[in-house]
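File shown here: run-v2.cif, holding mmCIF, C-alpha atoms and all ligand atoms.
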```cif
data_work
#
loop_
_atom_site.label_atom_id
_atom_site.label_comp_id
_atom_site.auth_asym_id
_atom_site.auth_seq_id
_atom_site.Cartn_x
_atom_site.Cartn_y
_atom_site.Cartn_z
CA MET Z 1 -8.12 17.12 -12.36
CA ARG Z 2 -6.59 16.60 -8.92
CA LEU Z 3 -3.26 15.07 -10.04
CA LYS Z 4 -2.71 16.79 -13.38
CA ASP Z 5 0.79 15.98 -14.73
CA ARG Z 6 1.90 14.37 -11.48
CA VAL Z 7 4.02 11.22 -11.67
CA ALA Z 8 2.94 8.44 -9.31
CA ILE Z 9 4.55 5.13 -8.40
CA VAL Z 10 2.34 2.57 -6.63
CA THR Z 11 3.97 -0.65 -5.46
CA GLY Z 12 1.87 -3.80 -5.58
CA SER Z 13 -0.36 -2.22 -8.23
CA GLY Z 14 -0.79 -5.41 -10.23
CA SER Z 15 -3.95 -6.20 -8.24
CA GLY Z 16 -6.29 -5.20 -5.41
CA PHE Z 17 -5.89 -1.78 -3.78
CA GLY Z 18 -2.82 -0.85 -5.82
CA GLU Z 19 -4.58 -1.51 -9.13
CA ALA Z 20 -7.54 0.59 -7.99
CA MET Z 21 -5.16 3.41 -7.00
CA VAL Z 22 -3.23 3.60 -10.28
CA LYS Z 23 -6.53 3.64 -12.20
CA ARG Z 24 -7.99 6.35 -9.95
CA PHE Z 25 -4.80 8.47 -10.07
CA ALA Z 26 -4.67 8.17 -13.87
CA GLU Z 27 -8.28 9.38 -14.13
CA GLU Z 28 -7.13 12.45 -12.18
CA GLY Z 29 -4.38 13.20 -14.72
CA ALA Z 30 -1.32 11.42 -13.29
CA ALA Z 31 1.23 9.40 -15.24
CA VAL Z 32 1.45 6.13 -13.29
CA VAL Z 33 4.04 3.44 -12.70
CA VAL Z 34 2.67 -0.04 -12.08
CA ALA Z 35 5.40 -1.58 -9.90
CA ASP Z 36 4.80 -5.18 -8.87
CA ILE Z 37 6.58 -8.51 -8.51
CA ASN Z 38 4.02 -10.19 -10.78
CA GLY Z 39 4.92 -9.55 -14.44
CA GLU Z 40 1.64 -10.85 -15.89
CA ALA Z 41 -0.42 -8.68 -13.56
CA ILE Z 42 1.63 -5.62 -14.57
CA GLU Z 43 1.05 -6.31 -18.24
CA LYS Z 44 -2.72 -6.59 -17.74
CA VAL Z 45 -3.04 -3.38 -15.69
CA VAL Z 46 -0.72 -1.33 -17.94
CA GLY Z 47 -2.64 -2.59 -20.99
CA GLU Z 48 -5.96 -1.46 -19.49
CA LEU Z 49 -4.55 1.94 -18.51
CA LYS Z 50 -3.13 2.56 -22.00
CA GLN Z 51 -6.34 1.33 -23.60
CA ALA Z 52 -8.16 4.02 -21.61
CA GLY Z 53 -5.73 6.65 -22.96
CA HIS Z 54 -3.60 7.08 -19.83
CA ARG Z 55 0.19 7.36 -19.50
CA ALA Z 56 1.52 4.23 -17.78
CA LEU Z 57 4.79 2.39 -17.29
CA GLY Z 58 5.09 -1.17 -15.99
CA PHE Z 59 8.11 -2.17 -13.88
CA LYS Z 60 8.74 -5.59 -12.35
CA VAL Z 61 10.27 -5.16 -8.91
CA ASP Z 62 10.68 -6.91 -5.60
CA VAL Z 63 10.27 -4.23 -2.93
CA ALA Z 64 12.58 -6.19 -0.64
CA SER Z 65 15.46 -5.49 -3.06
CA ARG Z 66 17.20 -2.18 -2.63
CA SER Z 67 18.97 -2.44 -6.01
CA GLU Z 68 15.75 -3.19 -7.92
CA LEU Z 69 14.07 -0.20 -6.27
CA LYS Z 70 16.90 2.06 -7.39
CA GLU Z 71 16.32 0.82 -10.94
CA LEU Z 72 12.59 1.51 -10.57
CA MET Z 73 13.29 5.15 -9.68
CA THR Z 74 15.79 5.56 -12.53
CA ALA Z 75 13.32 4.06 -15.04
CA THR Z 76 10.49 6.32 -13.78
CA VAL Z 77 12.56 9.48 -14.12
CA ARG Z 78 13.83 8.38 -17.54
CA GLU Z 79 10.23 7.88 -18.73
CA PHE Z 80 8.34 10.71 -17.00
CA GLY Z 81 11.03 13.16 -15.78
CA ARG Z 82 10.21 13.20 -12.03
CA ILE Z 83 8.65 11.35 -9.06
CA ASP Z 84 5.89 13.24 -7.27
CA ILE Z 85 3.94 10.47 -5.55
CA LEU Z 86 4.91 7.17 -3.97
CA VAL Z 87 2.41 4.75 -2.46
CA ASN Z 88 3.99 1.84 -0.59
CA ASN Z 89 1.20 -0.68 -0.99
CA ALA Z 90 2.87 -4.02 -1.82
CA GLY Z 91 2.24 -6.54 0.93
CA VAL Z 92 2.10 -10.22 1.78
CA VAL Z 93 0.53 -12.27 4.59
CA ARG Z 94 1.72 -15.55 6.15
CA PRO Z 95 -0.62 -16.34 9.03
CA ARG Z 96 0.76 -19.07 11.33
CA PRO Z 97 -0.02 -20.04 14.92
CA PHE Z 98 2.49 -18.41 17.28
CA PHE Z 99 4.50 -21.55 18.17
CA SER Z 100 4.74 -22.86 14.64
CA MET Z 101 5.78 -19.62 12.99
CA ALA Z 102 9.12 -20.33 11.30
CA ASP Z 103 11.96 -17.85 10.76
CA GLU Z 104 11.06 -17.69 7.08
CA ASP Z 105 7.41 -16.77 7.80
CA TRP Z 106 8.60 -13.90 9.95
CA ASP Z 107 11.40 -12.78 7.61
CA VAL Z 108 9.36 -12.72 4.39
CA VAL Z 109 6.55 -10.64 5.87
CA LEU Z 110 8.88 -8.20 7.61
CA ALA Z 111 11.06 -7.89 4.48
CA VAL Z 112 8.18 -7.03 2.14
CA ASP Z 113 5.73 -5.23 4.44
CA LEU Z 114 8.17 -3.16 6.52
CA LYS Z 115 11.72 -3.14 5.18
CA GLY Z 116 10.36 -2.75 1.64
CA VAL Z 117 8.64 0.49 2.65
CA PHE Z 118 11.87 1.87 4.13
CA PHE Z 119 13.94 0.88 1.07
CA CYS Z 120 11.41 2.36 -1.34
CA VAL Z 121 11.17 5.70 0.47
CA GLN Z 122 14.98 5.91 0.63
CA ALA Z 123 15.21 5.34 -3.12
CA ALA Z 124 12.43 7.81 -4.06
CA ALA Z 125 13.22 10.54 -1.52
CA GLU Z 126 16.51 11.31 -3.24
CA TYR Z 127 14.53 12.63 -6.23
CA MET Z 128 11.74 14.25 -4.18
CA ILE Z 129 14.25 16.21 -2.09
CA LYS Z 130 15.80 17.68 -5.26
CA GLN Z 131 12.30 18.74 -6.40
CA ASN Z 132 11.41 20.02 -2.90
CA TYR Z 133 8.09 18.24 -3.47
CA GLY Z 134 6.74 14.78 -2.73
CA LYS Z 135 3.73 12.87 -1.42
CA ILE Z 136 4.29 9.53 0.22
CA VAL Z 137 1.55 7.25 1.55
CA ASN Z 138 2.35 3.98 3.30
CA ILE Z 139 -0.33 1.29 3.49
CA SER Z 140 -0.54 -0.25 6.95
CA SER Z 141 -3.62 -2.15 8.17
CA VAL Z 142 -6.08 -2.12 11.04
CA ALA Z 143 -4.12 -5.25 12.01
CA GLY Z 144 -1.26 -2.90 12.90
CA THR Z 145 -3.39 -0.76 15.21
CA GLY Z 146 -4.58 -3.35 17.77
CA ALA Z 147 -4.90 -7.08 18.30
CA SER Z 148 -7.85 -8.91 16.72
CA PRO Z 149 -9.66 -11.70 18.54
CA PHE Z 150 -8.16 -14.98 17.29
CA GLY Z 151 -10.30 -17.28 15.19
CA GLY Z 152 -13.24 -14.89 15.15
CA GLY Z 153 -15.33 -15.17 12.02
CA GLY Z 154 -12.88 -17.34 10.09
CA SER Z 155 -10.01 -14.97 10.80
CA PRO Z 156 -6.79 -16.98 10.63
CA ALA Z 157 -5.16 -17.04 14.03
CA GLY Z 158 -1.54 -16.06 14.30
CA ASN Z 159 -0.76 -12.97 12.27
CA ILE Z 160 1.92 -11.78 14.69
CA ASN Z 161 4.40 -11.21 11.82
CA TYR Z 162 1.90 -9.17 9.78
CA ALA Z 163 0.64 -7.16 12.77
CA SER Z 164 4.23 -6.35 13.80
CA ALA Z 165 5.18 -5.22 10.29
CA LYS Z 166 2.03 -3.12 9.87
CA ALA Z 167 2.45 -1.51 13.30
CA GLY Z 168 6.04 -0.73 12.31
CA VAL Z 169 4.82 1.01 9.16
CA ILE Z 170 2.85 3.48 11.31
CA LEU Z 171 5.83 4.69 13.32
CA LEU Z 172 8.10 4.50 10.29
CA THR Z 173 5.66 6.93 8.65
CA LYS Z 174 5.79 9.38 11.55
CA THR Z 175 9.59 9.26 11.67
CA LEU Z 176 9.87 9.75 7.92
CA ALA Z 177 7.49 12.70 8.13
CA ARG Z 178 9.96 14.39 10.49
CA GLU Z 179 12.95 13.52 8.29
CA LEU Z 180 11.41 14.62 5.00
CA GLY Z 181 8.98 17.41 5.94
CA PRO Z 182 11.63 20.17 5.71
CA SER Z 183 12.16 19.11 2.07
CA GLY Z 184 8.51 19.66 1.13
CA ILE Z 185 7.55 16.00 1.38
CA ASN Z 186 4.33 14.85 3.12
CA VAL Z 187 4.40 11.32 4.53
CA ASN Z 188 1.17 9.75 5.74
CA CYS Z 189 -0.23 6.33 6.48
CA VAL Z 190 -3.52 4.63 5.61
CA ALA Z 191 -4.77 1.64 7.61
CA PRO Z 192 -7.50 -0.11 5.64
CA GLY Z 193 -10.10 -2.34 7.24
CA PHE Z 194 -11.31 -5.51 5.58
CA VAL Z 195 -11.86 -5.36 1.82
CA VAL Z 196 -12.22 -8.40 -0.43
CA THR Z 197 -9.18 -8.56 -2.75
CA PRO Z 198 -7.08 -11.43 -4.14
CA MET Z 199 -5.18 -11.35 -0.79
CA THR Z 200 -8.38 -12.44 1.00
CA PHE Z 201 -8.18 -15.86 -0.65
CA THR Z 202 -4.45 -16.45 -0.23
CA THR Z 203 -5.09 -17.57 3.36
CA ARG Z 204 -8.78 -18.48 3.44
CA SER Z 205 -11.18 -20.82 1.70
CA LYS Z 206 -14.24 -19.22 0.05
CA GLU Z 207 -16.39 -20.26 3.03
CA GLN Z 208 -13.89 -18.87 5.57
CA ALA Z 209 -13.75 -15.62 3.61
CA GLU Z 210 -17.55 -15.32 3.69
CA THR Z 211 -17.71 -15.99 7.45
CA HIS Z 212 -14.91 -13.48 7.98
CA LEU Z 213 -16.70 -10.90 5.86
CA GLU Z 214 -19.91 -11.25 7.92
CA ALA Z 215 -17.95 -10.87 11.19
CA ARG Z 216 -16.13 -7.81 9.87
CA LYS Z 217 -19.38 -6.16 8.75
CA LYS Z 218 -20.73 -6.54 12.30
CA SER Z 219 -17.56 -5.13 13.86
CA CYS Z 220 -17.71 -1.79 12.07
CA VAL Z 221 -20.23 0.97 12.64
CA MET Z 222 -20.97 1.34 8.91
CA ASN Z 223 -22.12 -2.30 8.94
CA ARG Z 224 -20.57 -3.12 5.56
CA ALA Z 225 -17.29 -4.22 4.04
CA GLY Z 226 -14.99 -1.67 2.46
CA THR Z 227 -14.57 -1.31 -1.29
CA LEU Z 228 -11.53 -0.73 -3.47
CA ALA Z 229 -12.87 2.76 -4.19
CA ASP Z 230 -13.07 3.54 -0.44
CA ILE Z 231 -9.34 2.91 -0.12
CA ALA Z 232 -8.27 4.49 -3.44
CA ASN Z 233 -10.22 7.70 -2.72
CA ALA Z 234 -8.71 8.10 0.76
CA VAL Z 235 -5.21 7.68 -0.65
CA LEU Z 236 -6.03 10.05 -3.52
CA PHE Z 237 -6.80 12.79 -0.99
CA LEU Z 238 -3.47 12.23 0.76
CA VAL Z 239 -1.40 12.32 -2.45
CA SER Z 240 -3.19 15.42 -3.77
CA ASP Z 241 -2.43 19.03 -2.89
CA GLU Z 242 -5.70 19.15 -0.94
CA SER Z 243 -3.78 17.58 1.96
CA SER Z 244 -0.70 19.86 1.79
CA PHE Z 245 -0.72 20.63 5.53
CA ILE Z 246 -1.17 17.02 6.67
CA SER Z 247 1.90 14.91 7.49
CA GLY Z 248 2.84 12.10 9.86
CA GLN Z 249 -0.80 11.03 10.21
CA LEU Z 250 -2.60 7.71 10.32
CA LEU Z 251 -5.96 7.54 8.55
CA CYS Z 252 -7.98 4.40 9.37
CA VAL Z 253 -10.31 3.61 6.47
CA ASP Z 254 -12.25 0.85 8.17
CA GLY Z 255 -15.90 1.88 8.43
CA GLY Z 256 -15.41 2.61 12.16
CA ARG Z 257 -14.10 -0.63 13.66
CA THR Z 258 -15.22 -1.27 17.24
CA ASP Z 259 -13.35 -4.51 18.05
CA ARG Z 260 -9.74 -3.36 18.48
CA MET Z 261 -8.00 -4.30 21.73
N1 LIG Z 301 -7.41 -6.55 1.59
C1 LIG Z 301 -7.51 -6.13 2.83
O1 LIG Z 301 -8.52 -6.35 3.50
C2 LIG Z 301 -6.39 -5.32 3.45
C3 LIG Z 301 -6.63 -4.73 4.68
C4 LIG Z 301 -5.62 -3.97 5.27
C5 LIG Z 301 -4.42 -3.77 4.62
N2 LIG Z 301 -4.19 -4.38 3.40
C6 LIG Z 301 -2.89 -4.09 2.76
O2 LIG Z 301 -3.13 -3.47 1.52
C7 LIG Z 301 -2.06 -3.75 0.61
C8 LIG Z 301 -2.62 -4.29 -0.68
O3 LIG Z 301 -3.30 -5.51 -0.40
P1 LIG Z 301 -4.40 -6.15 -1.35
O4 LIG Z 301 -5.49 -6.64 -0.46
O5 LIG Z 301 -4.70 -5.27 -2.49
O6 LIG Z 301 -3.60 -7.47 -1.80
P2 LIG Z 301 -3.23 -8.10 -3.22
O7 LIG Z 301 -2.63 -9.42 -2.91
O8 LIG Z 301 -4.39 -8.02 -4.14
O9 LIG Z 301 -2.11 -7.09 -3.76
C9 LIG Z 301 -0.79 -7.09 -3.30
C10 LIG Z 301 0.12 -6.87 -4.49
O10 LIG Z 301 1.46 -6.79 -3.99
C11 LIG Z 301 2.30 -7.50 -4.89
N3 LIG Z 301 3.53 -7.92 -4.19
C12 LIG Z 301 3.65 -8.90 -3.26
N4 LIG Z 301 4.92 -9.01 -2.86
C13 LIG Z 301 5.62 -8.07 -3.55
C14 LIG Z 301 6.99 -7.70 -3.58
N5 LIG Z 301 7.91 -8.33 -2.82
N6 LIG Z 301 7.37 -6.68 -4.40
C15 LIG Z 301 6.44 -6.05 -5.18
N7 LIG Z 301 5.14 -6.37 -5.21
C16 LIG Z 301 4.73 -7.37 -4.40
C17 LIG Z 301 1.46 -8.67 -5.36
O11 LIG Z 301 1.96 -9.25 -6.55
C18 LIG Z 301 0.08 -8.02 -5.50
O12 LIG Z 301 -0.12 -7.52 -6.82
C19 LIG Z 301 -1.15 -4.72 1.36
O13 LIG Z 301 -0.07 -4.00 1.93
C20 LIG Z 301 -2.04 -5.29 2.44
O14 LIG Z 301 -1.30 -5.74 3.55
C21 LIG Z 301 -5.15 -5.14 2.80
#
```
Could you render the structure as structure tokens?
Amino acid sequence: MRLKDRVAIVTGSGSGFGEAMVKRFAEEGAAVVVADINGEAIEKVVGELKQAGHRALGFKVDVASRSELKELMTATVREFGRIDILVNNAGVVRPRPFFSMADEDWDVVLAVDLKGVFFCVQAAAEYMIKQNYGKIVNISSVAGTGASPFGGGGSPAGNINYASAKAGVILLTKTLARELGPSGINVNCVAPGFVVTPMTFTTRSKEQAETHLEARKKSCVMNRAGTLADIANAVLFLVSDESSFISGQLLCVDGGRTDRM
């Protein structure tokens, strides 16, 4: 078992990538905390984990709230005694054309996708520093590594807020790696390519999603879409002790995208 007796918090683990991660980590022996803003989703995932015989705690949290994140850490330590692993995965999208992007569209995405990562690391690092051990992985996106062609393959034009937040996550990761490395904490970043999750349909119709999927398949050298397991396995490596000498790095899990600017 690669995470035997480790304690892992994954934000946004009520669905999509986060759900796949908590299930994968639990299979590898970790006690997991399903931290999400969606109470019903938490209940479902925690129920399935417990049904499978795993140790799991559900905690409803908004990652944009510093005080709620402090409570998340306290509850985790109360339940499982420590915090070994943190994956900052919660994220939202609000695609809007450049000139009609309102303050709120910008603020919500930056608050959840960037500031939330900073708040969550600040809250968890306090415990990891005392342990002199921690593994942190921040989920960025290929959208944070280069500009996509607008409108291509049903891709919604105008993700300047999301791209800015996700690019910020990459340098935040590198800076945190410098801050926290001397305390035995590895901080790395994963930038997934396109994978069909509930997020896919928050901004696209079914037809748009299918067109987008076909375009994305063509723009990566593996000529296929990613899967939840592709992402969960990459993150598993980075939160395990197999990656002990890796910190401050960006791992693109995108099938080899060729269309970045
Ligand atoms: N799906 C993709 O193709 C793709 C590609 C690159 C990056 N990503 C990133 O991967 C991460 C997971 O995305 P996904 O596709 O699994 O999406 P998803 O919508 O299935 O999951 C996101 C989860 O985050 C939760 N969440 C949203 N706002 C929150 C908040 N304020 N506090 C706590 N939880 C909150 C949601 O309830 C949801 O359970 C996101 O950061 C996303 O930007 C996704």
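All residues that come within 10 Å of the coordinates (-11.8, 9.1, -16.6), counting only C-alpha atoms, are given as Met1, Lys23, Arg24, Phe25, Ala26, Glu27, Glu28, Gly29, Ala52, Gly53 and His54 of chain Z.
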Check your understanding: Between Z:Ala8, Z:Tyr133, Z:Ala64, Z:Gly14, which one has atoms that come closest to Asp107 of chain Z, using only C-alpha atoms?
Key -> Z:Ala64
Practice item. Within 8 Å of Gly91 of chain Z, counting all atoms listed in the file, which residues show up once you throw out same-chain ones fewer than 2 positions away? Write them as a PyMOL selection string, please. Key: chain Z and resi 12+89+93+109+112-113
Point to revise | Distance in Å - atom CA of Val10 of chain Z versus atom CA of Ser219 of chain Z | key: 29.6 Å
Check your understanding: Got a sec to check which residues lie within 8 Å of ligand LIG 301 (chain Z), using only C-alpha atoms and all ligand atoms, and send them as a VMD selection string?
Key -> chain Z and resid 11 to 19 35 to 38 41 60 to 64 88 to 93 111 to 113 116 139 to 143 162 166 191 to 200 202
**Study point:** From Z:Ile9, Z:Ala234, Z:Ile129, Z:Val190, residue lying nearest Met73 of chain Z [all atoms listed in the file]
**Key:**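 Using all atoms listed in the file, the shortest distance to Met73 of chain Z belongs to Z:Ile9.
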